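Colleague: The structure is given below, and queries will be raised subsequently.
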Amino acid sequence: MSRSSNLVLCRDAPLECHNSFRVPAQASWLAEIGNPALIPEILAIPELRNRPVLVLGAGSNVLFTKDFDGLVLVMANQGKRVLGADSGTVLVRAEAGVGWHDLVGWTLNQNLCGLENLALIPGTAGAAPIQNIGAYGSELSEVLDTVEAYDRHDDRIVRLDRIACRLGYRESRFKQEPDRWVITAIELRLRYEAPLKTNYPGVAEELATRSGSPPTARDVAEAISRLRRRKLPDPAEIGNAGSFFKNPILPPDQFRRLHERFPALPVYDTPAGKKLSAAWLIEHAGWGGFREGDVGVSPKHALVLVNYGHGTGAQVWALAQRIQDSVWSSFGLHLEPEPRIL
Ligand SMILES: Cc1cc2nc3c(=O)[nH]c(=O)nc-3n(C[C@H](O)[C@H](O)[C@H](O)COP(=O)(O)OP(=O)(O)OC[C@H]3O[C@@H](n4cnc5c(N)ncnc54)[C@H](O)[C@@H]3O)c2cc1C
C-alpha cells in the first residue's frame, strides 16, 4: 500500500466494505483519491495503464459477481459550497466524494430547496448523475446544472451541461459510456422558495402527522426519510442496493393489452409512457419474501434483493435472473437491472 494525503493505493484490495450488498470480492488494485488532479497520474502508472478501470463512489448501486481484475478508482474528494445566486436561483457545487444525504442536509441548512424529495438516498454526489437518481416524484435532472468530469478519451477535465448529460429515467450518457467518464464534481441550481412536491403516495399522509404551519422543505425531507426507513431494509443491517430492477415503461398499446389481462396492475403516467410497478410484478409472480440460503427478496419491499450475511454476488445475480425469467413467463415483460452488474 502507498499513501499520501490525497491518495491511497493498494493491491489485492477487498471490496466487501466498498459495496452495500456486502458481497465478497477483490480488486487487483484500488486507488482512493482526494484530488481529481491525480487521475491522469494514476491512470498513467505502468502496471495500471492497460487495465480495466471501475470508478466507484460508495458502492450502493453495484453488484460484484466476481473479483475485479483491474483498477477500482474510488472518488473521495470533498467540499461543497455556494458558487453564486442569479434571479431567484442559487448555484451549489459538490465535489464527487461528498455523501449525497449530507449534501441534502447541508442545502436544507442553507434554506435551499430542490433536494428534499431525494433525502436519504445512499451514495455520493459524483454518482448521482449516473442513473439520474430519483425518488418520491423528483429526479436529479430537475436541479442538475453542470457535471464536471475527467474525460478518459481526451485526457482532460470537461464541463457538461444538463442537456449534454442525456438524463432519463435511471439513465444518462455516463451509464451508456462507463469507460469514458470520471465525474469529479456536480453543480446544482436550487431555490430559496419553490413549490414542494407532496403528492407522491404516502408523503401527504406522513406530513399530516405533524400539526401547525405549512410544511417546509425540511419537513418534506424528514417525512420522506421516515417513510424510507420504514419501507426499505437498511444496508448497514442487511446488504442490498435498493431497487434491483427498473420499473418497466410501456407504450400505451402494449400497456392496454396487458391491463386487459391484469386489471389490478398499478400504473403511473410519465412523459415516456406508462410506468408499471416492478415490485407488483415480482410479488404477483410469487417472489415476495422469497429466501434461499443467505440471499432473497426483502419481505419489506419486493424490488429489493438482499444478502442476509454470507451470500455471494453470483448467488444474488442467479436469483435476479430467476426472477427475470419468471416475470417474463407470467407477464411477457423483461425486467432490467438497475445496479451495475460486475
Ligand atoms: C437502500 C438503498 C436505497 C436506494 N434508493 C434509491 C432511490 O430511491 N433512488 C435512486 O435513484 N437510487 C437509489 N439507490 C441506489 C444508489 O443509492 C444510487 O444509485 C447512488 O447514486 C449510488 O451512489 P454510489 O456513490 O454508491 O455509487 P456506486 O454504487 O459506487 O456506483 C454506481 C455507478 O456509478 C458509477 N460511478 C460512481 N461514482 C462515479 C464517478 N465519480 N464518476 C463516474 N462514475 C461513477 C459506478 O461506476 C457505477 O456504475 C438506493 C440504494 C440503496 C442501497
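Following the order of the C-alpha cells, chains are lettered A, B, ..., residues in each are numbered from 1, and ligands are numbered from 1.
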Give as a ChimeraX atom specification the residues surrounding ligand 1 up to a distance of 8 Å, considering only C-alpha atoms and all ligand atoms.
Modeller: /A:18-21,54-62,74-75,96-97,99-100,118,120-136,139,149,170,174-175,178,181-185,232-235,239-243,339-340
Colleague: Considering only C-alpha atoms, return as a PyMOL selection string whatever protein or nucleic-acid residues lie within 8 Å of segment 31-43 of chain A, sequence-local ones (same chain, fewer than 5 positions apart) excluded.
Modeller: chain A and resi 5-10+48-49+71-78+97+150+155+184
Colleague: Which one is closest to Glu116 of chain A: A:Pro252, A:Pro215, A:Gly168, A:Pro201? Count only C-alpha atoms.
Modeller: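 Of A:Pro252, A:Pro215, A:Gly168, A:Pro201, the one nearest Glu116 of chain A, counting only C-alpha atoms, is A:Pro215.
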Colleague: Select, from A:Thr146, A:Leu140, A:Glu177, A:Leu190, the residue with the minimum atom-to-atom distance to Asp86 of chain A, counting only C-alpha atoms.
Modeller: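 Of the candidates, the smallest distance to Asp86 of chain A is held by A:Leu190.
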Colleague: Residues near Lys66 of chain A, anyone? I mean within 12 Å using only C-alpha atoms, not counting same-chain ones fewer than 5 positions away, as a PDB file with all heavy atoms, in the first residue's frame.
Modeller:
```
ATOM      1  N   PRO A  14      -9.657  -5.874  -0.737  1.00  0.00           N
ATOM      2  CA  PRO A  14     -11.002  -6.430  -0.533  1.00  0.00           C
ATOM      3  C   PRO A  14     -12.062  -5.364  -0.815  1.00  0.00           C
ATOM      4  O   PRO A  14     -11.871  -4.198  -0.482  1.00  0.00           O
ATOM      5  CB  PRO A  14     -11.011  -6.837   0.945  1.00  0.00           C
ATOM      6  CG  PRO A  14      -9.835  -6.189   1.565  1.00  0.00           C
ATOM      7  CD  PRO A  14      -8.895  -5.718   0.496  1.00  0.00           C
ATOM      8  N   LEU A  15     -13.156  -5.803  -1.437  1.00  0.00           N
ATOM      9  CA  LEU A  15     -14.204  -4.853  -1.829  1.00  0.00           C
ATOM     10  C   LEU A  15     -15.457  -4.962  -0.960  1.00  0.00           C
ATOM     11  O   LEU A  15     -16.426  -4.242  -1.177  1.00  0.00           O
ATOM     12  CB  LEU A  15     -14.592  -5.077  -3.301  1.00  0.00           C
ATOM     13  CG  LEU A  15     -13.498  -4.753  -4.322  1.00  0.00           C
ATOM     14  CD1 LEU A  15     -13.927  -5.183  -5.717  1.00  0.00           C
ATOM     15  CD2 LEU A  15     -13.177  -3.260  -4.293  1.00  0.00           C
ATOM     16  N   GLU A  16     -15.419  -5.876   0.015  1.00  0.00           N
ATOM     17  CA  GLU A  16     -16.618  -6.105   0.830  1.00  0.00           C
ATOM     18  C   GLU A  16     -17.119  -4.806   1.487  1.00  0.00           C
ATOM     19  O   GLU A  16     -18.321  -4.582   1.576  1.00  0.00           O
ATOM     20  CB  GLU A  16     -16.300  -7.143   1.902  1.00  0.00           C
ATOM     21  CG  GLU A  16     -17.539  -7.837   2.392  1.00  0.00           C
ATOM     22  CD  GLU A  16     -17.215  -9.170   3.056  1.00  0.00           C
ATOM     23  OE1 GLU A  16     -16.197  -9.790   2.695  1.00  0.00           O
ATOM     24  OE2 GLU A  16     -17.994  -9.558   3.942  1.00  0.00           O
ATOM     25  N   VAL A  23     -21.098  -8.142  -0.498  1.00  0.00           N
ATOM     26  CA  VAL A  23     -20.667  -9.453  -1.011  1.00  0.00           C
ATOM     27  C   VAL A  23     -19.140  -9.434  -1.136  1.00  0.00           C
ATOM     28  O   VAL A  23     -18.534  -8.383  -1.366  1.00  0.00           O
ATOM     29  CB  VAL A  23     -21.326  -9.774  -2.374  1.00  0.00           C
ATOM     30  CG1 VAL A  23     -22.825  -9.975  -2.200  1.00  0.00           C
ATOM     31  CG2 VAL A  23     -21.038  -8.718  -3.427  1.00  0.00           C
ATOM     32  N   PRO A  24     -18.504 -10.607  -0.965  1.00  0.00           N
ATOM     33  CA  PRO A  24     -17.051 -10.626  -1.047  1.00  0.00           C
ATOM     34  C   PRO A  24     -16.563 -10.517  -2.493  1.00  0.00           C
ATOM     35  O   PRO A  24     -17.185 -11.070  -3.396  1.00  0.00           O
ATOM     36  CB  PRO A  24     -16.687 -12.011  -0.472  1.00  0.00           C
ATOM     37  CG  PRO A  24     -17.928 -12.835  -0.595  1.00  0.00           C
ATOM     38  CD  PRO A  24     -19.094 -11.905  -0.639  1.00  0.00           C
ATOM     39  N   ALA A  25     -15.487  -9.775  -2.686  1.00  0.00           N
ATOM     40  CA  ALA A  25     -14.817  -9.660  -3.992  1.00  0.00           C
ATOM     41  C   ALA A  25     -13.508  -8.931  -3.731  1.00  0.00           C
ATOM     42  O   ALA A  25     -13.314  -8.351  -2.652  1.00  0.00           O
ATOM     43  CB  ALA A  25     -15.666  -8.875  -4.982  1.00  0.00           C
ATOM     44  N   GLN A  26     -12.633  -8.999  -4.716  1.00  0.00           N
ATOM     45  CA  GLN A  26     -11.324  -8.361  -4.560  1.00  0.00           C
ATOM     46  C   GLN A  26     -10.985  -7.595  -5.834  1.00  0.00           C
ATOM     47  O   GLN A  26     -11.336  -8.050  -6.926  1.00  0.00           O
ATOM     48  CB  GLN A  26     -10.293  -9.466  -4.321  1.00  0.00           C
ATOM     49  CG  GLN A  26      -8.923  -8.955  -3.974  1.00  0.00           C
ATOM     50  CD  GLN A  26      -8.020 -10.102  -3.498  1.00  0.00           C
ATOM     51  OE1 GLN A  26      -8.187 -10.627  -2.417  1.00  0.00           O
ATOM     52  NE2 GLN A  26      -7.067 -10.469  -4.336  1.00  0.00           N
ATOM     53  N   ALA A  27     -10.311  -6.454  -5.686  1.00  0.00           N
ATOM     54  CA  ALA A  27      -9.828  -5.707  -6.859  1.00  0.00           C
ATOM     55  C   ALA A  27      -8.315  -5.869  -6.927  1.00  0.00           C
ATOM     56  O   ALA A  27      -7.649  -5.801  -5.890  1.00  0.00           O
ATOM     57  CB  ALA A  27     -10.164  -4.235  -6.724  1.00  0.00           C
ATOM     58  N   SER A  28      -7.774  -6.066  -8.142  1.00  0.00           N
ATOM     59  CA  SER A  28      -6.310  -6.201  -8.261  1.00  0.00           C
ATOM     60  C   SER A  28      -5.628  -4.952  -7.715  1.00  0.00           C
ATOM     61  O   SER A  28      -4.587  -5.029  -7.083  1.00  0.00           O
ATOM     62  CB  SER A  28      -5.887  -6.379  -9.711  1.00  0.00           C
ATOM     63  OG  SER A  28      -6.743  -7.247 -10.364  1.00  0.00           O
ATOM     64  N   THR A 312     -23.269 -14.565  -1.842  1.00  0.00           N
ATOM     65  CA  THR A 312     -22.278 -14.036  -2.774  1.00  0.00           C
ATOM     66  C   THR A 312     -22.998 -13.245  -3.863  1.00  0.00           C
ATOM     67  O   THR A 312     -24.211 -13.396  -4.069  1.00  0.00           O
ATOM     68  CB  THR A 312     -21.496 -15.186  -3.455  1.00  0.00           C
ATOM     69  OG1 THR A 312     -22.428 -15.948  -4.246  1.00  0.00           O
ATOM     70  CG2 THR A 312     -20.816 -16.078  -2.436  1.00  0.00           C
ATOM     71  N   GLY A 313     -22.211 -12.455  -4.597  1.00  0.00           N
ATOM     72  CA  GLY A 313     -22.788 -11.689  -5.701  1.00  0.00           C
ATOM     73  C   GLY A 313     -23.332 -12.625  -6.773  1.00  0.00           C
ATOM     74  O   GLY A 313     -24.367 -12.339  -7.384  1.00  0.00           O
ATOM     75  N   ALA A 314     -22.642 -13.738  -7.003  1.00  0.00           N
ATOM     76  CA  ALA A 314     -23.112 -14.694  -8.028  1.00  0.00           C
ATOM     77  C   ALA A 314     -24.473 -15.260  -7.621  1.00  0.00           C
ATOM     78  O   ALA A 314     -25.353 -15.462  -8.475  1.00  0.00           O
ATOM     79  CB  ALA A 314     -22.083 -15.800  -8.202  1.00  0.00           C
ATOM     80  N   GLN A 315     -24.671 -15.500  -6.323  1.00  0.00           N
ATOM     81  CA  GLN A 315     -25.972 -16.021  -5.862  1.00  0.00           C
ATOM     82  C   GLN A 315     -27.084 -14.971  -6.024  1.00  0.00           C
ATOM     83  O   GLN A 315     -28.192 -15.299  -6.438  1.00  0.00           O
ATOM     84  CB  GLN A 315     -25.875 -16.475  -4.401  1.00  0.00           C
ATOM     85  CG  GLN A 315     -25.081 -17.747  -4.227  1.00  0.00           C
ATOM     86  CD  GLN A 315     -24.709 -18.004  -2.765  1.00  0.00           C
ATOM     87  OE1 GLN A 315     -24.699 -17.113  -1.919  1.00  0.00           O
ATOM     88  NE2 GLN A 315     -24.384 -19.258  -2.473  1.00  0.00           N
ATOM     89  N   VAL A 316     -26.752 -13.721  -5.696  1.00  0.00           N
ATOM     90  CA  VAL A 316     -27.758 -12.657  -5.870  1.00  0.00           C
ATOM     91  C   VAL A 316     -28.125 -12.550  -7.353  1.00  0.00           C
ATOM     92  O   VAL A 316     -29.300 -12.465  -7.726  1.00  0.00           O
ATOM     93  CB  VAL A 316     -27.231 -11.295  -5.350  1.00  0.00           C
ATOM     94  CG1 VAL A 316     -28.215 -10.172  -5.662  1.00  0.00           C
ATOM     95  CG2 VAL A 316     -26.949 -11.345  -3.857  1.00  0.00           C
ATOM     96  N   TRP A 317     -27.119 -12.600  -8.212  1.00  0.00           N
ATOM     97  CA  TRP A 317     -27.359 -12.453  -9.650  1.00  0.00           C
ATOM     98  C   TRP A 317     -28.156 -13.651 -10.193  1.00  0.00           C
ATOM     99  O   TRP A 317     -29.054 -13.486 -11.024  1.00  0.00           O
ATOM    100  CB  TRP A 317     -26.024 -12.264 -10.363  1.00  0.00           C
ATOM    101  CG  TRP A 317     -26.113 -12.045 -11.848  1.00  0.00           C
ATOM    102  CD1 TRP A 317     -25.347 -12.641 -12.797  1.00  0.00           C
ATOM    103  CD2 TRP A 317     -27.001 -11.148 -12.561  1.00  0.00           C
ATOM    104  NE1 TRP A 317     -25.693 -12.186 -14.041  1.00  0.00           N
ATOM    105  CE2 TRP A 317     -26.701 -11.275 -13.931  1.00  0.00           C
ATOM    106  CE3 TRP A 317     -28.009 -10.270 -12.176  1.00  0.00           C
ATOM    107  CZ2 TRP A 317     -27.386 -10.551 -14.921  1.00  0.00           C
ATOM    108  CZ3 TRP A 317     -28.695  -9.555 -13.158  1.00  0.00           C
ATOM    109  CH2 TRP A 317     -28.387  -9.697 -14.500  1.00  0.00           C
ATOM    110  N   ILE A 341     -23.921  -4.516 -12.854  1.00  0.00           N
ATOM    111  CA  ILE A 341     -23.525  -5.895 -12.551  1.00  0.00           C
ATOM    112  C   ILE A 341     -22.088  -6.082 -13.044  1.00  0.00           C
ATOM    113  O   ILE A 341     -21.795  -5.850 -14.212  1.00  0.00           O
ATOM    114  CB  ILE A 341     -24.454  -6.918 -13.268  1.00  0.00           C
ATOM    115  CG1 ILE A 341     -25.935  -6.538 -13.107  1.00  0.00           C
ATOM    116  CG2 ILE A 341     -24.172  -8.345 -12.780  1.00  0.00           C
ATOM    117  CD1 ILE A 341     -26.451  -6.550 -11.688  1.00  0.00           C
ATOM    118  N   LEU A 342     -21.216  -6.514 -12.128  1.00  0.00           N
ATOM    119  CA  LEU A 342     -19.787  -6.619 -12.494  1.00  0.00           C
ATOM    120  C   LEU A 342     -19.317  -8.053 -12.347  1.00  0.00           C
ATOM    121  O   LEU A 342     -19.674  -8.729 -11.412  1.00  0.00           O
ATOM    122  CB  LEU A 342     -18.972  -5.698 -11.588  1.00  0.00           C
ATOM    123  CG  LEU A 342     -19.263  -4.218 -11.846  1.00  0.00           C
ATOM    124  CD1 LEU A 342     -19.116  -3.395 -10.584  1.00  0.00           C
ATOM    125  CD2 LEU A 342     -18.333  -3.694 -12.934  1.00  0.00           C
TER     126      LEU A 342
END
```
Colleague: Can you pull out every residue within 10 Å of segment 221-223 of chain A, counting only C-alpha atoms, but drop anything in the same chain fewer than 5 positions away, and send it as JSON, numbers by chain?
Modeller: {"A": [104, 105, 108, 113, 115, 116, 117, 118, 119, 120, 198, 202, 203, 204, 205, 206, 207, 208, 209, 210, 215, 216, 228]}
Colleague: Would you mind telling me which residue in A:Asp151, A:Asp102, A:Asp145, A:Glu336 lies nearest to Phe245 of chain A when using only C-alpha atoms?
Modeller: A:Glu336
Colleague: Could you give me the residues within segment 29-266 of chain A that DSSP places in alpha helix (DSSP H), as number ranges by chain?
Modeller: A: 39-43, 100-109, 173-176, 203-207, 217-231, 252-261
Colleague: Would you please work out which residue, of A:Leu305, A:Ala44, A:Ala194, A:Val297, is nearest to Gly88 of chain A when using only C-alpha atoms?
Modeller: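 Between A:Leu305, A:Ala44, A:Ala194, A:Val297, the residue approaching Gly88 of chain A most closely is A:Ala194.
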